[in-house]
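Take a look at the structure below.
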Amino acid sequence: MSISNCKSNIKDWQYFKLNVSFENEEIAKDHPLDLMTWKQLINNALKRTHGIFGEGIEYFFLNQEDKIAYLKVSHLDKDMFSSAISTYISSDSLVGFPMTITILQEESILTKLQITDDDKLWFNKAVEEVKEDSECS
């Protein structure tokens with residue numbers, strides 16, 4: 001009788017739904033955010049709060065549309081990530097006005113994230129990737 005060695009390829013992730021806010025909502029309407037601005041904003045927050053260790057935090061965008069972004073962060077780094085994001089106020093050098101990031105939702109299971117109907121396409125793809133990663137090879 002043989003015992004098969006089945007190792008899961010799954011990595012533990014923490015999933016975040018984030019929102020960027022401006023001090024003035026009128027300003028927000030005139031300044032849509034792209035993926036590059038989001039990345040700069042998050043990198044600035046991580047670097048300012050945690051220095052060189054913050055720069056090494058692993059995160060990936062699942063989807064981003066204007067002021068809302070969905071990310072996955074290594075489970076090991078989730079506390080550092082959330083503290084950096086929650087306490088950061090950007091300077092006005094990035095888009096001309098200070099911005100803050102709010103964590104709307106944080107989950108350890110992807111399927112618990114609250115999404116809209118417009119998000120179903122990327123969400124279903126992300127769920128499928130998680131299933132593939134959790135299968136034994």
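By order of appearance in the structure tokens: chains A, B, ..., then residues from 1 within every chain, and ligands from 1 in the order shown.
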**Close residues, Ala126 of chain A itself excluded, 12 Å, only C-alpha atoms, min 2 positions apart in chain, as a PyMOL selection string** = chain A and resi 15+60-63+70-72+109-111+113+119-124+128-133
**Request:** Write out as an MDAnalysis selection string the residues lying within 6 Å of Asn19 of chain A, counting only C-alpha atoms and excluding same-chain residues fewer than 3 positions away.
**Result:** chainID A and resid 67:68 101:102
Residue subset to file, keeping C-alpha atoms, as a CSV table (one decimal), in the first residue's frame:
```csv
chain,number,residue,atom,x,y,z
A,67,LYS,CA,-11.1,54.7,-6.2
A,68,ILE,CA,-11.7,51.0,-5.4
A,101,ILE,CA,-6.8,54.9,1.9
A,102,THR,CA,-9.6,53.2,3.8
```
**Message:** Using DSSP secondary structure from the backbone, list all alpha helix (DSSP H) positions within chain A, as a PyMOL selection string.
**Reply:** chain A and resi 25-30+35-55+78-87+120-134
Let's have the selection written as a compact mmCIF listing (two decimals), in the first residue's frame, with N, CA and C atoms.
```txt
# COMPACT_ATOMS: atom_id res chain seq x y z
N GLU A 25 -14.78 65.95 -1.95
CA GLU A 25 -15.38 65.02 -2.92
C GLU A 25 -15.47 65.60 -4.33
N GLU A 26 -15.54 66.91 -4.45
CA GLU A 26 -15.54 67.54 -5.78
C GLU A 26 -14.22 67.27 -6.50
N ILE A 27 -13.14 67.29 -5.74
CA ILE A 27 -11.83 67.00 -6.31
C ILE A 27 -11.79 65.55 -6.79
N ALA A 28 -12.37 64.66 -6.03
CA ALA A 28 -12.35 63.23 -6.37
C ALA A 28 -13.01 62.96 -7.71
N LYS A 29 -14.08 63.67 -8.01
CA LYS A 29 -14.79 63.47 -9.28
C LYS A 29 -13.91 63.82 -10.47
N ASP A 30 -13.05 64.81 -10.29
CA ASP A 30 -12.21 65.29 -11.39
C ASP A 30 -10.88 64.57 -11.52
N LEU A 35 -4.03 52.47 -12.18
CA LEU A 35 -3.30 51.45 -11.45
C LEU A 35 -1.93 51.96 -10.98
N MET A 36 -1.25 52.73 -11.82
CA MET A 36 0.07 53.24 -11.45
C MET A 36 -0.01 54.16 -10.23
N THR A 37 -1.03 55.00 -10.18
CA THR A 37 -1.20 55.90 -9.03
C THR A 37 -1.47 55.09 -7.77
N TRP A 38 -2.30 54.07 -7.88
CA TRP A 38 -2.57 53.18 -6.74
C TRP A 38 -1.27 52.54 -6.24
N LYS A 39 -0.47 52.01 -7.16
CA LYS A 39 0.78 51.36 -6.77
C LYS A 39 1.71 52.33 -6.05
N GLN A 40 1.83 53.54 -6.59
CA GLN A 40 2.68 54.54 -5.96
C GLN A 40 2.17 54.90 -4.57
N LEU A 41 0.87 55.04 -4.45
CA LEU A 41 0.26 55.38 -3.17
C LEU A 41 0.54 54.30 -2.12
N ILE A 42 0.33 53.05 -2.49
CA ILE A 42 0.56 51.94 -1.55
C ILE A 42 2.05 51.80 -1.23
N ASN A 43 2.90 51.88 -2.24
CA ASN A 43 4.34 51.80 -1.98
C ASN A 43 4.81 52.92 -1.06
N ASN A 44 4.30 54.13 -1.27
CA ASN A 44 4.66 55.25 -0.40
C ASN A 44 4.21 55.00 1.04
N ALA A 45 3.01 54.45 1.20
CA ALA A 45 2.50 54.15 2.54
C ALA A 45 3.37 53.10 3.24
N LEU A 46 3.71 52.05 2.52
CA LEU A 46 4.52 50.98 3.09
C LEU A 46 5.92 51.48 3.46
N LYS A 47 6.50 52.27 2.57
CA LYS A 47 7.85 52.78 2.82
C LYS A 47 7.87 53.76 3.98
N ARG A 48 6.90 54.66 4.03
CA ARG A 48 6.89 55.66 5.09
C ARG A 48 6.67 55.02 6.46
N THR A 49 5.81 54.03 6.52
CA THR A 49 5.48 53.42 7.81
C THR A 49 6.53 52.39 8.26
N HIS A 50 7.03 51.58 7.34
CA HIS A 50 7.89 50.47 7.73
C HIS A 50 9.28 50.50 7.09
N GLY A 51 9.61 51.56 6.38
CA GLY A 51 10.94 51.70 5.79
C GLY A 51 11.25 50.60 4.79
N ILE A 52 12.48 50.12 4.84
CA ILE A 52 12.93 49.11 3.89
C ILE A 52 12.14 47.80 4.02
N PHE A 53 11.68 47.49 5.23
CA PHE A 53 10.87 46.28 5.42
C PHE A 53 9.51 46.43 4.73
N GLY A 54 8.96 47.63 4.75
CA GLY A 54 7.70 47.88 4.08
C GLY A 54 7.80 47.71 2.58
N GLU A 55 8.94 48.11 2.02
CA GLU A 55 9.14 47.97 0.58
C GLU A 55 9.16 46.52 0.14
N LYS A 78 0.19 40.80 6.50
CA LYS A 78 -1.11 41.48 6.55
C LYS A 78 -1.17 42.57 7.61
N ASP A 79 -0.58 42.35 8.77
CA ASP A 79 -0.64 43.35 9.84
C ASP A 79 0.18 44.59 9.50
N MET A 80 1.36 44.38 8.94
CA MET A 80 2.19 45.51 8.52
C MET A 80 1.50 46.29 7.41
N PHE A 81 0.90 45.56 6.47
CA PHE A 81 0.22 46.19 5.35
C PHE A 81 -0.96 47.03 5.84
N SER A 82 -1.80 46.45 6.66
CA SER A 82 -3.00 47.18 7.11
C SER A 82 -2.63 48.37 7.98
N SER A 83 -1.60 48.26 8.81
CA SER A 83 -1.21 49.42 9.62
C SER A 83 -0.65 50.54 8.75
N ALA A 84 0.12 50.19 7.73
CA ALA A 84 0.66 51.21 6.83
C ALA A 84 -0.45 51.91 6.06
N ILE A 85 -1.38 51.14 5.55
CA ILE A 85 -2.48 51.71 4.75
C ILE A 85 -3.39 52.57 5.62
N SER A 86 -3.71 52.09 6.80
CA SER A 86 -4.67 52.78 7.67
C SER A 86 -4.15 54.11 8.21
N THR A 87 -2.86 54.24 8.35
CA THR A 87 -2.31 55.45 8.98
C THR A 87 -1.72 56.43 7.99
N LYS A 120 -17.73 40.56 -11.26
CA LYS A 120 -17.83 39.10 -11.32
C LYS A 120 -16.80 38.45 -12.25
N LEU A 121 -16.46 39.08 -13.34
CA LEU A 121 -15.54 38.48 -14.30
C LEU A 121 -14.15 38.26 -13.69
N TRP A 122 -13.54 39.31 -13.17
CA TRP A 122 -12.20 39.15 -12.56
C TRP A 122 -12.28 38.31 -11.29
N PHE A 123 -13.39 38.44 -10.55
CA PHE A 123 -13.53 37.71 -9.29
C PHE A 123 -13.58 36.21 -9.55
N ASN A 124 -14.38 35.79 -10.53
CA ASN A 124 -14.47 34.37 -10.85
C ASN A 124 -13.12 33.81 -11.30
N LYS A 125 -12.37 34.61 -12.05
CA LYS A 125 -11.04 34.18 -12.48
C LYS A 125 -10.12 34.01 -11.27
N ALA A 126 -10.17 34.95 -10.34
CA ALA A 126 -9.33 34.87 -9.13
C ALA A 126 -9.70 33.65 -8.29
N VAL A 127 -10.99 33.37 -8.16
CA VAL A 127 -11.45 32.20 -7.40
C VAL A 127 -10.95 30.92 -8.07
N GLU A 128 -11.01 30.88 -9.39
CA GLU A 128 -10.52 29.71 -10.13
C GLU A 128 -9.02 29.51 -9.91
N GLU A 129 -8.25 30.59 -9.89
CA GLU A 129 -6.81 30.49 -9.65
C GLU A 129 -6.52 29.95 -8.25
N VAL A 130 -7.31 30.38 -7.27
CA VAL A 130 -7.13 29.87 -5.91
C VAL A 130 -7.42 28.37 -5.88
N LYS A 131 -8.46 27.93 -6.58
CA LYS A 131 -8.79 26.50 -6.63
C LYS A 131 -7.66 25.70 -7.27
N GLU A 132 -7.11 26.23 -8.37
CA GLU A 132 -6.01 25.55 -9.05
C GLU A 132 -4.79 25.45 -8.15
N ASP A 133 -4.50 26.50 -7.41
CA ASP A 133 -3.34 26.50 -6.52
C ASP A 133 -3.50 25.52 -5.36
N SER A 134 -4.75 25.25 -4.99
CA SER A 134 -4.99 24.37 -3.84
C SER A 134 -5.07 22.90 -4.23
```
Could you give me the residues within chain A that DSSP places in strand (DSSP E), as a short mmCIF file (atom, residue, chain, number, x, y, z; two decimals) with N, CA and C atoms, in the first residue's frame?
```
data_model
loop_
_atom_site.label_atom_id
_atom_site.label_comp_id
_atom_site.auth_asym_id
_atom_site.auth_seq_id
_atom_site.Cartn_x
_atom_site.Cartn_y
_atom_site.Cartn_z
N TRP A 13 -3.06 33.90 1.75
CA TRP A 13 -3.24 35.30 1.36
C TRP A 13 -4.29 35.94 2.25
N GLN A 14 -4.17 37.23 2.40
CA GLN A 14 -5.20 38.05 3.02
C GLN A 14 -5.71 38.95 1.91
N TYR A 15 -7.02 39.10 1.81
CA TYR A 15 -7.62 39.86 0.72
C TYR A 15 -8.17 41.18 1.26
N PHE A 16 -7.92 42.25 0.53
CA PHE A 16 -8.32 43.59 0.95
C PHE A 16 -9.16 44.27 -0.13
N LYS A 17 -10.18 44.96 0.31
CA LYS A 17 -10.94 45.87 -0.55
C LYS A 17 -10.64 47.27 -0.01
N LEU A 18 -10.02 48.11 -0.85
CA LEU A 18 -9.57 49.42 -0.42
C LEU A 18 -10.29 50.53 -1.18
N ASN A 19 -10.37 51.68 -0.54
CA ASN A 19 -10.98 52.86 -1.14
C ASN A 19 -10.08 54.07 -0.90
N VAL A 20 -9.86 54.86 -1.94
CA VAL A 20 -9.09 56.10 -1.81
C VAL A 20 -10.07 57.25 -1.64
N SER A 21 -9.75 58.13 -0.71
CA SER A 21 -10.59 59.30 -0.45
C SER A 21 -9.77 60.57 -0.57
N PHE A 22 -10.42 61.59 -1.06
CA PHE A 22 -9.85 62.93 -1.09
C PHE A 22 -10.52 63.75 0.00
N TYR A 59 2.46 42.11 -2.36
CA TYR A 59 1.03 42.31 -2.60
C TYR A 59 0.78 42.32 -4.09
N PHE A 60 -0.46 41.97 -4.45
CA PHE A 60 -0.85 41.92 -5.86
C PHE A 60 -2.25 42.50 -6.01
N PHE A 61 -2.45 43.23 -7.09
CA PHE A 61 -3.78 43.76 -7.41
C PHE A 61 -4.59 42.68 -8.09
N LEU A 62 -5.78 42.43 -7.58
CA LEU A 62 -6.73 41.54 -8.23
C LEU A 62 -7.56 42.33 -9.23
N ASN A 63 -7.90 43.56 -8.83
CA ASN A 63 -8.66 44.46 -9.71
C ASN A 63 -8.59 45.87 -9.14
N GLN A 64 -8.69 46.83 -10.02
CA GLN A 64 -8.70 48.23 -9.61
C GLN A 64 -9.57 48.99 -10.59
N GLU A 65 -10.46 49.77 -10.05
CA GLU A 65 -11.29 50.64 -10.88
C GLU A 65 -11.49 51.95 -10.14
N ILE A 68 -11.58 52.34 -6.06
CA ILE A 68 -11.70 51.05 -5.38
C ILE A 68 -10.66 50.08 -5.94
N ALA A 69 -9.99 49.36 -5.04
CA ALA A 69 -9.03 48.34 -5.46
C ALA A 69 -9.17 47.11 -4.58
N TYR A 70 -8.95 45.96 -5.20
CA TYR A 70 -8.94 44.67 -4.50
C TYR A 70 -7.52 44.12 -4.60
N LEU A 71 -6.95 43.77 -3.45
CA LEU A 71 -5.58 43.28 -3.42
C LEU A 71 -5.49 41.99 -2.62
N LYS A 72 -4.44 41.24 -2.91
CA LYS A 72 -4.09 40.12 -2.04
C LYS A 72 -2.69 40.39 -1.51
N VAL A 73 -2.54 40.10 -0.22
CA VAL A 73 -1.30 40.37 0.50
C VAL A 73 -0.89 39.08 1.20
N SER A 74 0.39 38.81 1.21
CA SER A 74 0.88 37.64 1.93
C SER A 74 0.34 37.68 3.37
N MET A 99 -4.41 62.39 -0.19
CA MET A 99 -5.36 61.28 -0.26
C MET A 99 -5.16 60.37 0.94
N THR A 100 -6.21 59.66 1.31
CA THR A 100 -6.12 58.62 2.33
C THR A 100 -6.70 57.33 1.75
N ILE A 101 -6.29 56.22 2.33
CA ILE A 101 -6.81 54.92 1.91
C ILE A 101 -7.58 54.32 3.08
N THR A 102 -8.77 53.85 2.79
CA THR A 102 -9.60 53.19 3.80
C THR A 102 -9.71 51.71 3.46
N ILE A 103 -9.57 50.87 4.46
CA ILE A 103 -9.79 49.44 4.27
C ILE A 103 -11.29 49.20 4.44
N LEU A 104 -11.96 48.89 3.33
CA LEU A 104 -13.40 48.64 3.37
C LEU A 104 -13.70 47.22 3.85
N GLN A 105 -12.81 46.29 3.52
CA GLN A 105 -13.03 44.90 3.90
C GLN A 105 -11.69 44.17 3.90
N GLU A 106 -11.54 43.26 4.83
CA GLU A 106 -10.35 42.41 4.92
C GLU A 106 -10.82 40.99 5.22
N GLU A 107 -10.41 40.05 4.39
CA GLU A 107 -10.85 38.66 4.53
C GLU A 107 -9.68 37.70 4.30
#
```
**Message:** Between atom CA of Ile89 of chain A and atom CA of Glu23 of chain A, what distance in Å does the model show, to one decimal?
**Reply:**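 For atom CA of Ile89 of chain A relative to atom CA of Glu23 of chain A, the distance reads 10.4 Å.
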